[in-house]
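What follows is a set of notes on a single structure, which appears directly below.
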Amino acid sequence: MLGLNSFKDKKVMTFLAHPNDEVLGCGGLLSRAKGDGAQIFCVIPVKRIFQSCYNVMEKLDARVAWGHFDDNEMDKYPLLEVCEFFEDYIKQIKPDIVITHHYNCANQDHRVCYKAASIVTKPIKGQIQLLSCEVPSSTGYLRPSNFEPNLYVGLSYEELNDKLDMLKMYKSELRADRSEEVVKALACLRGAESGNDLAEGFMLVRGYC
Ligand SMILES: [Zn+2]
């Protein structure tokens with residue numbers, strides 16, 4: 001068991017490039033984690049600060065930290081600099097679970113986050129489960145996409161509604177390829193693949209039992 005049946009007493013950290021990735025990629029998981037009593041921390045490396053993000057954090061009872069990296073230009077920095085930025089939060093928070101991007105996302109900032117997260121969560125001082133989430137409008141556009149979920153988080157209708165409510169908070173960021181309809185359809189698809197009514201799909205990058 002990976003200990004993911006319940007998020008009770010767990011510290012869940014996201015290392016996702018942009019505000020709204022946390023909702024699109026794992027808003028359902030975070031809603032479920034909050035319901036289980038987890039502590040949630042969102043580390044957002046780019047300096048694209050949105051009031052909407054604070055509203056989402058309030059809904060999740062989550063803490064947020066922002067970085068100094070230029071938006072959509074994270075690949076211009078040495079990977080070591082991104083690793084050091086993220087590692088500070090790993091040391092402070094000591095998360096049980098880190099959720100980051102998929103290594104083959106179309107967005108370059110996403111790919112940098114994946115690399116840094118997979119490096120700084122290596123099991124030197126403790127074991128951190130590392131998951132990649134899928135972000136509609138980015139994951140899957142670079143072909144072959146190679147995103148094949150092997151870990152499904154079943155969601156209740158209430159948890160999906162929480163995700164949709166948070167998505168609406170980022171109204172200015174909504175587009176045809178990451179609309180409410182797309183998010184609902186993906187939750188149904190991942191649910192059908194996993195014997196649930198609704199689910200989010202993840203790839204387990206590194207897990208322990
Ligand atoms: Zn993003």
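How things are named: the first chain in the structure tokens is A, the next is B, and so on; residues count from 1 in each chain; ligands count from 1 in the order shown.
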
Checklist entry - Which parts of range 4-130 of chain A does DSSP call strand (DSSP E or B) when run on the backbone here, written out as a PyMOL selection string? => result chain A and resi 11-15+39-46+63-69+97-100+129-130

Next on the checklist: Would you pick out the contacts of Gly25 in chain A at 8 Å or less, using only C-alpha atoms, so that residues sharing its chain but fewer than 6 positions from it are not included, and give the list as a PyMOL selection string?
Outcome noted: chain A and resi 133-136

Based on the selection just made, write C-alpha atoms of those residues as an mmCIF file, in the first residue's frame.
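What ended up in part11.cif:
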```cif
data_model
loop_
_atom_site.group_PDB
_atom_site.id
_atom_site.type_symbol
_atom_site.label_atom_id
_atom_site.label_comp_id
_atom_site.auth_asym_id
_atom_site.auth_seq_id
_atom_site.Cartn_x
_atom_site.Cartn_y
_atom_site.Cartn_z
ATOM 1 C CA CYS A 133 -0.569 15.080 -12.669
ATOM 2 C CA GLU A 134 -2.154 15.918 -16.000
ATOM 3 C CA VAL A 135 -3.021 19.482 -16.892
ATOM 4 C CA PRO A 136 -5.548 19.762 -19.727
#
```

Checklist entry - Residues at most 10 Å from range 116-121 of chain A, counting only C-alpha atoms, excluding those fewer than 4 positions away in the same chain, as a ChimeraX atom specification? => result /A:14-16,79-88,90-91,95,97-101,103,111-112,125-132,205-206

Closest contacts (chain A/ligand 1, max 12 Å, only C-alpha atoms and all ligand atoms) as a Markdown table:
```
| residue | atom | partner | partner_atom_place_in_ligand_line | distance |
| --- | --- | --- | --- | --- |
| A:Phe15 | CA | ligand 1 | 1 (Zn) | 10.6 |
| A:Leu16 | CA | ligand 1 | 1 (Zn) | 6.8 |
| A:Ala17 | CA | ligand 1 | 1 (Zn) | 5.2 |
| A:His18 | CA | ligand 1 | 1 (Zn) | 4.5 |
| A:Pro19 | CA | ligand 1 | 1 (Zn) | 7.2 |
| A:Asn20 | CA | ligand 1 | 1 (Zn) | 7.1 |
| A:Asp21 | CA | ligand 1 | 1 (Zn) | 5.1 |
| A:Glu22 | CA | ligand 1 | 1 (Zn) | 8.7 |
| A:Val23 | CA | ligand 1 | 1 (Zn) | 10.4 |
| A:Leu24 | CA | ligand 1 | 1 (Zn) | 9.1 |
| A:Gly25 | CA | ligand 1 | 1 (Zn) | 9.2 |
| A:Ile44 | CA | ligand 1 | 1 (Zn) | 9.7 |
| A:Pro45 | CA | ligand 1 | 1 (Zn) | 10.5 |
| A:Val46 | CA | ligand 1 | 1 (Zn) | 9.6 |
| A:Arg48 | CA | ligand 1 | 1 (Zn) | 10.8 |
| A:Asp71 | CA | ligand 1 | 1 (Zn) | 9.3 |
| A:Asn72 | CA | ligand 1 | 1 (Zn) | 8.6 |
| A:Glu73 | CA | ligand 1 | 1 (Zn) | 11.7 |
| A:Met74 | CA | ligand 1 | 1 (Zn) | 11.3 |
| A:Thr100 | CA | ligand 1 | 1 (Zn) | 10.5 |
| A:His101 | CA | ligand 1 | 1 (Zn) | 8.5 |
| A:His102 | CA | ligand 1 | 1 (Zn) | 10.9 |
| A:Cys105 | CA | ligand 1 | 1 (Zn) | 9.2 |
| A:Ala106 | CA | ligand 1 | 1 (Zn) | 9.6 |
| A:Asn107 | CA | ligand 1 | 1 (Zn) | 6.8 |
| A:Gln108 | CA | ligand 1 | 1 (Zn) | 8.9 |
| A:Asp109 | CA | ligand 1 | 1 (Zn) | 7.0 |
| A:His110 | CA | ligand 1 | 1 (Zn) | 6.1 |
| A:Arg111 | CA | ligand 1 | 1 (Zn) | 9.8 |
| A:Val112 | CA | ligand 1 | 1 (Zn) | 11.0 |
| A:Cys113 | CA | ligand 1 | 1 (Zn) | 9.9 |
| A:Tyr114 | CA | ligand 1 | 1 (Zn) | 11.7 |
| A:Cys133 | CA | ligand 1 | 1 (Zn) | 11.3 |
| A:Glu134 | CA | ligand 1 | 1 (Zn) | 10.3 |
| A:Val135 | CA | ligand 1 | 1 (Zn) | 7.5 |
| A:Pro136 | CA | ligand 1 | 1 (Zn) | 9.6 |
| A:Ser137 | CA | ligand 1 | 1 (Zn) | 8.8 |
| A:Ser138 | CA | ligand 1 | 1 (Zn) | 7.4 |
| A:Thr139 | CA | ligand 1 | 1 (Zn) | 9.6 |
| A:Glu173 | CA | ligand 1 | 1 (Zn) | 10.6 |
| A:Arg178 | CA | ligand 1 | 1 (Zn) | 11.4 |
```

Item to check | Who sits within 8 Å of range 151-154 of chain A, only C-alpha atoms, same chain under 3 positions skipped, as a list in words | outcome: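 In the requested form, the answer reads Leu29, Arg190, Gly191, Ser194, Asn196, Asp197, Leu198, Ala199, Glu200, Gly201, Phe202, Met203 and Leu204 of chain A.
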
Mind dumping the selected residues with C-alpha atoms as a short mmCIF file (atom, residue, chain, number, x, y, z; two decimals), in the first residue's frame?
```cif
data_model
loop_
_atom_site.label_atom_id
_atom_site.label_comp_id
_atom_site.auth_asym_id
_atom_site.auth_seq_id
_atom_site.Cartn_x
_atom_site.Cartn_y
_atom_site.Cartn_z
CA LEU A 29 -7.17 15.25 -5.02
CA ARG A 190 -10.51 8.66 -15.64
CA GLY A 191 -13.37 7.36 -13.52
CA SER A 194 -10.58 3.01 -12.84
CA ASN A 196 -15.03 4.90 -10.19
CA ASP A 197 -17.77 7.32 -11.18
CA LEU A 198 -15.19 10.09 -11.25
CA ALA A 199 -11.43 10.24 -10.84
CA GLU A 200 -8.23 12.11 -11.51
CA GLY A 201 -5.37 10.23 -13.15
CA PHE A 202 -1.75 10.44 -12.05
CA MET A 203 1.51 8.78 -12.87
CA LEU A 204 3.36 7.46 -9.87
#
```

Next on the checklist: as JSON, numbers by chain, please: every residue in range 2-202 of chain A that a backbone DSSP assignment puts in helix (DSSP H, G or I).
Outcome noted: {"A": [21, 22, 23, 24, 25, 26, 27, 28, 29, 30, 31, 32, 33, 34, 35, 36, 51, 52, 53, 54, 55, 56, 57, 58, 59, 60, 74, 75, 76, 79, 80, 81, 82, 83, 84, 85, 86, 87, 88, 89, 90, 91, 92, 93, 108, 109, 110, 111, 112, 113, 114, 115, 116, 117, 118, 119, 120, 157, 158, 159, 160, 161, 162, 163, 164, 165, 166, 167, 168, 169, 171, 172, 173, 176, 177, 178, 180, 181, 182, 183, 184, 185, 186, 187, 188, 189, 190, 191, 192, 193, 194]}

Next on the checklist: With only C-alpha atoms as the counted atoms, please give the residues lying no more than 9 Å from Leu30 in chain A, apart from itself and same-chain residues fewer than 2 positions off, as a list in words.
Outcome noted: Val12, Glu22, Val23, Cys26, Gly27, Gly28, Arg32, Ala33, Lys34, Gly35, Ala38, Ile40, Leu60, Glu159 and Lys163 of chain A

Checklist entry - Using only C-alpha atoms, which of A:Lys184, A:Ile93, A:Phe69, A:Leu174 sits nearest Asp162 in chain A? => result A:Lys184

Next on the checklist: Here is a test: counting only C-alpha atoms, which residue of A:Leu167, A:Asp177, A:Leu189, A:Ser145 is nearest to Asn55 in chain A?
Outcome noted: A:Leu167

Item to check | Nearest-residue call for Lys94 in chain A, choices A:Asn5, A:Glu193, A:Pro123, A:Val182, using only C-alpha atoms | outcome: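 Under the stated criterion, the closest residue is A:Pro123.
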
Next on the checklist: What's the separation between CA of Ala187 in chain A and CA of Leu155 in chain A, in Å to one decimal place?
Outcome noted: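 Taking CA of Ala187 in chain A as the start and CA of Leu155 in chain A as the end point, the length is 8.3 Å.
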